[in-house]
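Asks: Just start00.cif, nothing more (mmCIF, C-alpha atoms and all ligand atoms):
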```
data_upload
#
loop_
_atom_site.label_atom_id
_atom_site.label_comp_id
_atom_site.auth_asym_id
_atom_site.auth_seq_id
_atom_site.Cartn_x
_atom_site.Cartn_y
_atom_site.Cartn_z
CA MET A 1 0.00 0.00 0.00
CA THR A 2 1.32 3.47 -0.82
CA GLU A 3 1.76 5.97 1.95
CA ALA A 4 -0.94 8.24 0.54
CA ALA A 5 -3.48 5.43 0.33
CA GLY A 6 -2.57 4.35 3.85
CA LYS A 7 -3.13 7.81 5.21
CA GLU A 8 -6.51 8.05 3.57
CA LYS A 9 -7.72 4.82 5.12
CA GLU A 10 -6.52 5.52 8.62
CA PRO A 11 -9.00 7.28 10.91
CA LEU A 12 -7.90 10.54 12.48
CA ILE A 13 -9.05 9.28 15.87
CA SER A 14 -9.04 5.64 16.91
CA LEU A 15 -10.02 4.62 20.44
CA ARG A 16 -9.99 0.92 21.36
CA GLY A 17 -11.11 -0.51 24.67
CA ILE A 18 -10.64 2.78 26.47
CA HIS A 19 -11.10 2.61 30.23
CA LYS A 20 -10.57 5.44 32.67
CA ILE A 21 -10.94 4.44 36.27
CA TYR A 22 -10.81 6.86 39.19
CA TYR A 23 -10.29 5.58 42.70
CA MET A 24 -12.19 7.36 45.46
CA GLY A 25 -10.99 5.77 48.68
CA ASP A 26 -11.66 2.07 48.09
CA GLU A 27 -14.41 2.73 45.55
CA GLU A 28 -13.65 2.69 41.83
CA VAL A 29 -15.43 4.97 39.39
CA ARG A 30 -15.44 3.67 35.83
CA ALA A 31 -15.75 7.07 34.13
CA ASN A 32 -15.01 5.50 30.72
CA ASP A 33 -15.80 1.81 30.64
CA GLY A 34 -14.76 0.27 27.32
CA ILE A 35 -15.03 2.94 24.62
CA ASP A 36 -14.45 1.98 20.98
CA LEU A 37 -14.67 4.88 18.56
CA GLU A 38 -13.24 5.87 15.20
CA ILE A 39 -13.53 9.35 13.73
CA ARG A 40 -12.40 10.19 10.22
CA GLU A 41 -11.09 13.40 8.79
CA GLY A 42 -13.87 15.77 7.80
CA GLU A 43 -16.50 14.47 10.22
CA PHE A 44 -18.64 16.60 12.55
CA VAL A 45 -19.39 14.44 15.58
CA ALA A 46 -21.38 15.34 18.69
CA ILE A 47 -20.60 13.39 21.86
CA VAL A 48 -23.72 13.67 23.97
CA GLY A 49 -24.67 12.38 27.40
CA LYS A 50 -26.10 13.37 30.75
CA SER A 51 -24.03 14.93 33.49
CA GLY A 52 -21.72 12.29 34.97
CA SER A 53 -21.89 10.02 31.91
CA GLY A 54 -18.17 10.37 31.17
CA LYS A 55 -18.02 13.08 28.47
CA SER A 56 -15.33 15.24 30.05
CA THR A 57 -13.22 12.18 30.78
CA LEU A 58 -13.48 11.15 27.13
CA MET A 59 -12.81 14.67 25.91
CA ASN A 60 -9.66 14.84 28.05
CA ILE A 61 -8.44 11.62 26.46
CA ILE A 62 -9.32 12.64 22.88
CA GLY A 63 -7.75 16.05 23.53
CA ALA A 64 -4.52 14.45 24.78
CA LEU A 65 -5.00 16.22 28.10
CA ASP A 66 -5.01 12.89 29.93
CA VAL A 67 -4.22 9.25 29.21
CA PRO A 68 -6.52 6.27 29.70
CA THR A 69 -6.10 3.70 32.49
CA ASP A 70 -6.37 1.01 29.85
CA GLY A 71 -6.90 0.81 26.08
CA GLU A 72 -5.33 2.32 22.99
CA TYR A 73 -5.70 5.79 21.53
CA CYS A 74 -4.20 6.70 18.19
CA LEU A 75 -4.39 10.30 16.96
CA GLY A 76 -3.28 10.88 13.39
CA GLY A 77 -1.64 7.45 13.42
CA GLN A 78 0.38 8.16 16.55
CA ASP A 79 -0.15 6.11 19.71
CA VAL A 80 -1.07 8.61 22.42
CA SER A 81 -2.03 6.05 25.09
CA ASP A 82 1.15 6.20 27.10
CA MET A 83 2.85 9.42 26.10
CA THR A 84 4.64 11.55 28.65
CA ASP A 85 3.24 14.95 29.60
CA ASN A 86 5.71 16.71 27.31
CA GLU A 87 4.84 14.49 24.37
CA LEU A 88 1.14 15.05 25.03
CA ALA A 89 1.66 18.82 25.08
CA GLU A 90 3.49 18.67 21.78
CA ILE A 91 0.87 16.60 19.94
CA ARG A 92 -1.91 18.70 21.47
CA ASN A 93 -0.37 21.92 20.28
CA ARG A 94 0.27 20.59 16.79
CA MET A 95 -3.00 18.74 16.15
CA ILE A 96 -5.85 20.10 18.25
CA GLY A 97 -7.68 23.41 18.49
CA PHE A 98 -9.72 23.71 21.68
CA VAL A 99 -12.95 25.66 22.13
CA PHE A 100 -14.22 25.85 25.72
CA GLN A 101 -17.56 26.84 27.19
CA GLN A 102 -16.01 29.82 29.03
CA TYR A 103 -13.83 30.88 26.03
CA ASN A 104 -10.65 30.84 28.20
CA LEU A 105 -9.31 34.05 26.66
CA LEU A 106 -6.60 35.87 28.60
CA PRO A 107 -8.03 39.23 29.77
CA LYS A 108 -4.74 41.14 29.68
CA LEU A 109 -3.96 40.22 26.08
CA ASN A 110 -5.67 41.85 23.12
CA LEU A 111 -7.50 39.70 20.57
CA LEU A 112 -4.52 39.38 18.28
CA GLU A 113 -2.25 38.32 21.15
CA ASN A 114 -4.82 35.79 22.35
CA VAL A 115 -5.06 34.21 18.92
CA GLU A 116 -1.27 34.26 18.57
CA LEU A 117 -0.70 32.27 21.78
CA PRO A 118 -0.80 28.71 20.36
CA LEU A 119 1.41 29.89 17.50
CA LEU A 120 3.90 31.20 20.01
CA TYR A 121 3.99 27.80 21.73
CA ALA A 122 4.40 26.21 18.30
CA GLY A 123 7.54 28.29 17.79
CA LEU A 124 6.49 30.50 14.87
CA ASP A 125 8.29 33.81 14.47
CA ALA A 126 6.55 37.13 15.16
CA LYS A 127 5.73 37.93 11.54
CA GLU A 128 4.20 34.52 10.83
CA ARG A 129 2.26 34.64 14.07
CA ARG A 130 0.77 37.99 13.25
CA GLU A 131 -0.16 37.00 9.69
CA LYS A 132 -1.80 33.75 10.73
CA ALA A 133 -3.58 35.26 13.71
CA LEU A 134 -4.98 38.13 11.64
CA ALA A 135 -6.11 35.70 8.92
CA SER A 136 -7.80 33.62 11.58
CA LEU A 137 -9.55 36.65 13.10
CA GLU A 138 -10.70 37.57 9.61
CA ARG A 139 -12.32 34.14 9.23
CA VAL A 140 -14.48 34.81 12.26
CA GLY A 141 -15.26 38.37 11.15
CA LEU A 142 -13.30 40.15 13.90
CA LYS A 143 -10.12 41.28 12.16
CA GLU A 144 -10.92 44.98 12.61
CA LYS A 145 -11.19 44.52 16.36
CA TRP A 146 -7.75 42.97 16.80
CA ARG A 147 -6.61 45.68 19.24
CA ASN A 148 -9.61 45.16 21.51
CA TYR A 149 -9.54 43.24 24.77
CA PRO A 150 -11.84 40.30 25.50
CA ASN A 151 -13.97 42.24 28.02
CA GLN A 152 -14.86 44.75 25.30
CA LEU A 153 -16.67 42.04 23.35
CA SER A 154 -20.01 40.25 23.68
CA GLY A 155 -20.07 36.57 24.69
CA GLY A 156 -20.71 35.49 21.11
CA GLN A 157 -17.78 37.57 19.85
CA GLN A 158 -15.51 36.16 22.56
CA GLN A 159 -16.45 32.65 21.52
CA ARG A 160 -15.61 33.57 17.91
CA VAL A 161 -12.18 34.77 19.07
CA SER A 162 -11.66 31.46 20.86
CA ILE A 163 -12.59 29.70 17.60
CA ALA A 164 -10.07 31.90 15.77
CA ARG A 165 -7.45 30.88 18.32
CA ALA A 166 -8.37 27.22 17.82
CA LEU A 167 -8.06 27.59 14.04
CA ALA A 168 -4.87 29.63 13.94
CA GLY A 169 -2.43 26.73 13.88
CA ASN A 170 -4.46 24.88 11.24
CA PRO A 171 -5.12 21.90 13.54
CA SER A 172 -6.30 18.47 12.40
CA LEU A 173 -9.12 18.52 14.93
CA ILE A 174 -11.36 21.15 16.52
CA LEU A 175 -12.45 19.91 19.95
CA ALA A 176 -15.31 21.96 21.36
CA ASP A 177 -16.55 21.42 24.93
CA GLU A 178 -20.10 22.77 25.38
CA PRO A 179 -19.26 25.62 23.00
CA THR A 180 -22.69 27.24 23.32
CA GLY A 181 -23.13 26.50 27.03
CA ALA A 182 -22.55 30.09 28.17
CA LEU A 183 -24.49 31.79 25.36
CA ASP A 184 -28.12 32.79 24.86
CA SER A 185 -29.93 30.69 22.27
CA LYS A 186 -29.63 33.16 19.38
CA THR A 187 -25.89 33.67 19.88
CA GLY A 188 -25.47 29.95 20.46
CA ARG A 189 -27.16 29.34 17.13
CA GLU A 190 -24.68 31.68 15.41
CA VAL A 191 -21.73 29.82 16.94
CA LEU A 192 -23.22 26.47 15.84
CA ASP A 193 -23.77 27.77 12.33
CA PHE A 194 -20.17 28.89 12.30
CA LEU A 195 -18.94 25.44 13.40
CA LYS A 196 -21.06 23.90 10.64
CA LYS A 197 -19.48 26.21 8.10
CA LEU A 198 -15.99 25.27 9.31
CA ASN A 199 -16.93 21.62 8.87
CA GLU A 200 -18.21 22.32 5.35
CA ASP A 201 -14.82 23.91 4.67
CA GLY A 202 -13.21 20.58 5.61
CA ASN A 203 -12.43 20.92 9.32
CA THR A 204 -12.95 17.88 11.54
CA ILE A 205 -15.05 18.79 14.57
CA VAL A 206 -15.81 16.90 17.76
CA MET A 207 -18.30 18.72 19.98
CA ILE A 208 -19.15 17.68 23.53
CA THR A 209 -22.62 18.55 24.81
CA HIS A 210 -25.24 17.45 27.35
CA ASP A 211 -28.00 18.94 25.19
CA ASN A 212 -29.74 16.88 22.49
CA ALA A 213 -30.94 20.08 20.80
CA ILE A 214 -27.27 20.96 20.23
CA ALA A 215 -26.17 17.41 19.39
CA VAL A 216 -28.60 17.17 16.47
CA GLU A 217 -26.70 20.01 14.74
CA ALA A 218 -23.77 17.65 14.11
CA ARG A 219 -23.71 15.08 11.32
CA ARG A 220 -22.98 12.09 13.53
CA VAL A 221 -24.00 11.54 17.14
CA VAL A 222 -22.23 9.39 19.71
CA ARG A 223 -24.18 9.02 22.96
CA ILE A 224 -22.43 8.00 26.14
CA HIS A 225 -24.12 6.55 29.22
CA ASP A 226 -22.33 5.32 32.36
CA GLY A 227 -19.01 5.44 30.53
CA GLN A 228 -20.16 3.39 27.55
CA ILE A 229 -21.39 4.27 24.07
CA ASN A 230 -25.03 3.33 23.64
CA PHE A 231 -25.68 5.07 20.32
CA ASP A 232 -23.36 5.84 17.42
CA GLY A 233 -24.81 6.83 14.09
CA ASP A 234 -26.11 9.36 11.64
CA VAL A 235 -27.81 12.38 13.13
CA LYS A 236 -31.04 11.55 11.26
CA ASP A 237 -31.23 8.19 13.00
CA TYR A 238 -30.50 9.86 16.31
CA ALA A 239 -33.18 12.51 15.84
CA ALA A 240 -35.66 9.70 15.07
CA ILE A 241 -35.21 8.10 18.49
CA LEU A 242 -35.50 11.30 20.53
N1 LIG A 301 -10.91 13.33 38.84
C1 LIG A 301 -11.91 12.54 39.19
N2 LIG A 301 -11.85 11.81 40.32
C2 LIG A 301 -12.86 10.99 40.67
N3 LIG A 301 -13.98 10.80 39.96
C3 LIG A 301 -14.11 11.51 38.82
C4 LIG A 301 -13.08 12.42 38.37
N4 LIG A 301 -13.50 12.97 37.20
C5 LIG A 301 -14.70 12.45 36.93
N5 LIG A 301 -15.07 11.57 37.88
C6 LIG A 301 -16.31 10.78 37.90
O1 LIG A 301 -16.40 10.09 36.68
C7 LIG A 301 -17.72 10.08 36.19
C8 LIG A 301 -17.77 10.76 34.82
O2 LIG A 301 -17.46 12.14 34.98
P1 LIG A 301 -17.28 13.14 33.76
O3 LIG A 301 -16.39 12.53 32.74
O4 LIG A 301 -16.91 14.46 34.30
O5 LIG A 301 -18.78 13.18 33.17
P2 LIG A 301 -19.55 14.33 32.36
O6 LIG A 301 -18.55 15.24 31.75
O7 LIG A 301 -20.37 13.59 31.35
O8 LIG A 301 -20.42 15.04 33.35
C9 LIG A 301 -18.56 10.78 37.25
O9 LIG A 301 -19.09 9.81 38.10
C10 LIG A 301 -17.55 11.64 37.98
O10 LIG A 301 -17.97 11.87 39.30
MG MG A 302 -18.36 17.31 31.91
#
```
Since I need it in another form, could you write the structure as structure tokens?
Replies:
Amino acid sequence: MTEAAGKEKEPLISLRGIHKIYYMGDEEVRANDGIDLEIREGEFVAIVGKSGSGKSTLMNIIGALDVPTDGEYCLGGQDVSDMTDNELAEIRNRMIGFVFQQYNLLPKLNLLENVELPLLYAGLDAKERREKALASLERVGLKEKWRNYPNQLSGGQQQRVSIARALAGNPSLILADEPTGALDSKTGREVLDFLKKLNEDGNTIVMITHDNAIAVEARRVVRIHDGQINFDGDVKDYAAIL
């Protein structure tokens, strides 16, 4: 098999037999209890489940923020399951753009500097950082405001800046944790529409949510319950069972 053909076949994300067990005194909590999941480039997947079902645990593993107790995780063909913290930080910075519910923008940095941050960690020089960060702000319609500070923006605008920051390094995966959780429904809708557009442009998106009304905006839904997947399929099939 040629290298190109091999790359095409390989999923971007491959989780096999993932367990994450927390020990609370002598009690064990199986936060992820045998997760098998493959996600290909270009997909828009919602991971949905009630509070306590294991979403954040799974997101931390997919996002290379934590490693599983047991099982195998390959991201872009690289085995992440037992990487050191430094190796995790490197692959995270290179491959994943994070979008958080609370935006996580730094208040003392202007918008341009916020968006430049991951590029700084990636080691780009000042000129490249500025060019890429401005291009990214332009994609979310906020280029003109680059000198502004986060607290001068609305919640929806701040979330767009955090999306610009996630996009700046051209990551393989956008990982969004309850991206509309802090927004009113109209602004939340705008952010969702923007994520959909990014997916149509070819970006792979994994979105974590507790809300079925948000999950049905993705193209594929994975539902997690007590640390296990109990639905994985096309959004149309998911909507039909709600
Ligand atoms: N660091 C931790 N230590 C102990 N238990 C944890 C920890 N993190 C999560 N849990 C437990 O694991 C289960 C899944 O939690 P979590 O992944 O946060 O679910 P969700 O994000 O869907 O609400 C819950 O029972 C939670 O209490
Ligand atoms: Mg959670």
Asks: Within 12 Å of (-22.2, 15.4, 23.7) in the file's own coordinates, which protein, DNA or RNA residues have an atom, counting only C-alpha atoms? List them as number ranges by chain.
Replies: A: 44-59, 175-181, 206-218, 220-225, 229, 231-232
Asks: Kindly indicate which residue among A:Gly155, A:Gly34, A:Gly227, A:Gly233 lies nearest to ligand MG 302 (chain A), using only C-alpha atoms and all ligand atoms for the distances.
Replies: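 So, comparing all the options, the nearest one is A:Gly227.
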Asks: Show which residues sit within 8 Å of Asn199 in chain A, as a ChimeraX atom specification. Count all atoms listed in the file, and ignore same-chain residues fewer than 4 positions away.
Replies: /A:42-44,195,203-205
Asks: Between A:Leu112, A:Ile13, A:Ile21, A:Ile163, which has the minimum distance to Arg147 in chain A (counting all atoms listed in the file)?
Replies: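 Checking each candidate against Arg147 in chain A, we get A:Leu112 as the closest.
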Asks: List every residue of range 61-83 of chain A that has an atom at most 10 Å from any atom of range 89-99 of chain A, and for each one report the closest atom pair and its distance in Å to one decimal, counting all atoms listed in the file, with rows sorted by chain and then by increasing residue number, as JSON lines.
Replies:
```
{"residue": "A:Ile62", "atom": "CA", "partner": "A:Ile96", "partner_atom": "CA", "distance": 9.4}
{"residue": "A:Gly63", "atom": "CA", "partner": "A:Arg92", "partner_atom": "CA", "distance": 6.7}
{"residue": "A:Ala64", "atom": "CA", "partner": "A:Arg92", "partner_atom": "CA", "distance": 6.0}
{"residue": "A:Leu65", "atom": "CA", "partner": "A:Arg92", "partner_atom": "CA", "distance": 7.7}
{"residue": "A:Leu75", "atom": "CA", "partner": "A:Met95", "partner_atom": "CA", "distance": 8.6}
{"residue": "A:Gly76", "atom": "CA", "partner": "A:Met95", "partner_atom": "CA", "distance": 8.3}
{"residue": "A:Gln78", "atom": "CA", "partner": "A:Ile91", "partner_atom": "CA", "distance": 9.1}
{"residue": "A:Val80", "atom": "CA", "partner": "A:Ile91", "partner_atom": "CA", "distance": 8.6}
{"residue": "A:Met83", "atom": "CA", "partner": "A:Ala89", "partner_atom": "CA", "distance": 9.5}
```
Asks: Return as AutoDock Vina command-line options the box centre and box size in Å, one decimal, for an axis-aligned box around all listed atoms of range 89-97 of chain A padded by 5 Å per side.
Replies:
```
--center_x -2.1 --center_y 20.0 --center_z 20.6 --size_x 21.2 --size_y 16.8 --size_z 18.9
```
Asks: Here is a test: counting all atoms listed in the file, which residue of A:Ala126, A:Ala182, A:Ala31, A:Met24 is nearest to ligand MG 302 (chain A)?
Replies: A:Ala31
Asks: CA of Glu38 in chain A and CA of Cys74 in chain A, how far apart in Å?
Replies: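 So the two atoms, CA of Cys74 in chain A and CA of Glu38 in chain A, lie 9.6 Å apart.
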Asks: For Ser162 in chain A, please output as JSON, numbers by chain all residues within 6 Å (counting all atoms listed in the file; exclusion window: fewer than 3 positions along the same chain).
Replies: {"A": [103, 159, 165]}
Asks: One decimal, in Å: what's the spacing between CA of Gly71 in chain A and CA of Arg16 in chain A?
Replies: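 Taking CA of Gly71 in chain A and CA of Arg16 in chain A, their separation equals 5.6 Å.
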Asks: What is the CA of Glu190 in chain A to CA of Ile174 in chain A distance in Å?
Replies: 17.0 Å
